[in-house]
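Engineer: Right, I'll just put the structure down here and ask away after.
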Amino acid sequence: MNPPATGGFLCYNYIMSKLEDIVSLCKRRGFIFPGSDVYGGMAGTWDFGPLGVSLKRKIMQEWWSFWVDQRDNMYGVDAAIIMNPKTWEASGHVATFNDPLVECKECRGRFRADKLVDGYGEGITDEEFLAAGAKCPTCGKQNWSEIRKFNMMFQTHIGPVSDDEHIAYLRPETAQGIFTNFKNVVDTIYPNLPFGIAQQGKAFRNEISPRDFILRDRECSQMEIEYFVKPDTWEAEFEKLRAEQHEFLEQVIGLPKEMIHEYDVPAEDRAHYSKRTIDFMFDYPNGEEELMGLAYRTDFDLSNIQENSGKSMEYRDKNTGESFVPHVIEPSIGVERLILAVLSAAYHEEELEGGDKRTVLKLPENLAPYKYCVSPLLKNKPELVAKAKEVFEILKQKYTFVTWDDSGNIGKRYRKQDEIGTPKCVVVDFESLENDDVTVRDRDTTEQVRVKVREI
Ligand SMILES: [Zn+2]
């Protein structure tokens with residue numbers, strides 16, 4: 001997290017406060033609420049409100065359309081969240097999906113050891129941690145327990161008996177629901193290599209200290225693809241997927257190119273089986289953070305399943321008759337991370353002529369909760385209201401995502417629609433009754449033009 005090179009300290013402060021501004025707008029306008037708000041909240045959980053769920057669904061639908069519906073070698077699955085616990089033993093999650101936990105012996109506060117000191121990752125040792133001299137963020141003392149490996153999977157029990165034999169986990173990723181269905185898809189669809197299996201759904205991580213709004217939460221939604229390839233073609237396929245990730249993020253979702261940075265993960269930081277991983281980083285308000293990952297995972301997952309289940313995961317090439325375990329490339333993205341990237345890029349505070357300020361979400365038209373807002377210039381003139389209702393019905397039929405607003409004065413309505421990112425506001429006035437035309441105001445330029453109703 002570095003301040004921008006030229007902006008200086010003030011600029012950094014501005015950027016720091018921007019996340020709070022986005023959180024505040026999200027709550028005020030019905031995008032995202034703290035989870036279980038009415039009972040005082042639940043750390044690391046967030047609820048999507050009427051506008052947030054619309055944005056979220058549009059983003060998920062665009063992803064599904066781009067990666068699955070528009071291709072002839074991509075297949076969807078929707079696997080159960082609770083899977084046989086053998087899944088997580090085979091995948092390595094039971095043994096290694098850990099965070100380093102330390103406890104303050106004075107106040108009993110619990111923290112992630114690597115987050116209390118600079119420059120260390122999850123593998124931090126007791127010696128390294130103590131040498132760094134971290135003080136408890138709560139009480140300021142330096143009386144620490146030893147570091148304990150804390151498994152981040154949420155545990156539950158299957159059936160009425162709560163003993164160790166009945167432990168199950170809420171899935172920490174959607175990927176394993178894809179791998180475990182590899183053979184089912186091959187045996188029912190008979191796809192040629194390369195082909196992909198895609199899944200969207202909830203995943204759970206018991207983060208020790210959730211933070212940064214929806215960036216690090218305990219319950220999130222993922223969109224993952226496992227793309228199966230012939231082992232000797234992985235590099236070419238990896239490059240194709242890499243280019244397509246940029247196309248998706250920049251053309252379909254509309255994120256500014258200059259806010260996305262590729263980080264080629266060096267060998268010592270990659271999972272041992274991965275020969276190449278690129279993290280796609282994004283300039284979030286609080287600094288650069290991972291937005292999505294693209295990883296070449298060799299045959300690690302399928303071979304593990306083969307070994308642990310005793311069932312063959314080999315694929316038989318229809319042309320050559322050759323049998324082998326395919327290799328896999330995994331593009332993986334968190335929905336909430338993408339939503340926060342979209343909101344961060346869209347959020348603007350602007351000064352208008354005459355010194356007025358406005359907050360505007362410059363959301364791409366395909367993601368905005370509403371495309372149009374229709375309103376009568378005055379709400380106490382029945383003839384204007386009737387005409388506006390007529391226009392509303394026409395546009396609703398045509399564009400679906402159309403809202404009605406007759407609250408406050410016209411200026412207040414514009415401010416509200418700017419804040420929720422509605423690209424166009426349509427206003428019906430007395431001239432509309434004569435000429436069947438309306439004023440259409442553009443969100444980004446605030447320019448107003450006269451348009452015939454049938455031409456909208
Ligand atoms: Zn303490």
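Residues in the structure tokens are named by chain (A, B, ... in the order shown) and by number from 1 within that chain; ligands are numbered from 1 in the order shown.
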Give as a PyMOL selection string the residues surrounding ligand 1 up to a distance of 7 Å, considering only C-alpha atoms and all ligand atoms.

Structural biologist: chain A and resi 104-109+136-141

Engineer: Enumerate as number ranges by chain all residues of range 27-246 of chain A assigned to alpha helix (DSSP H) by DSSP on the backbone, naming them with the chain letters and numbers the document uses.

Structural biologist: A: 27-28, 50-64, 86-90, 93-96, 113-116, 126-131, 175-179, 182-189, 234-246

Engineer: Within 12 Å of range 38-54 of chain A, counting only C-alpha atoms, which residues show up once you throw out same-chain ones fewer than 2 positions away? Write them as a PyMOL selection string, please.

Structural biologist: chain A and resi 23+25-36+56-61+204-221+335-336+339-340+342-343+366-371+401+403+417+419-422

Engineer: Within 7 Å of Asn151 in chain A, counting only C-alpha atoms, which residues show up once you throw out same-chain ones fewer than 2 positions away? Write them as JSON, numbers by chain, please.

Structural biologist: {"A": [97, 98, 99, 149, 153]}

Engineer: Of the candidates A:Asp69, A:Glu165, A:Asp437, A:Asp118, which shows the shortest atom-to-atom distance to Val449 in chain A, using only C-alpha atoms?

Structural biologist: A:Asp437
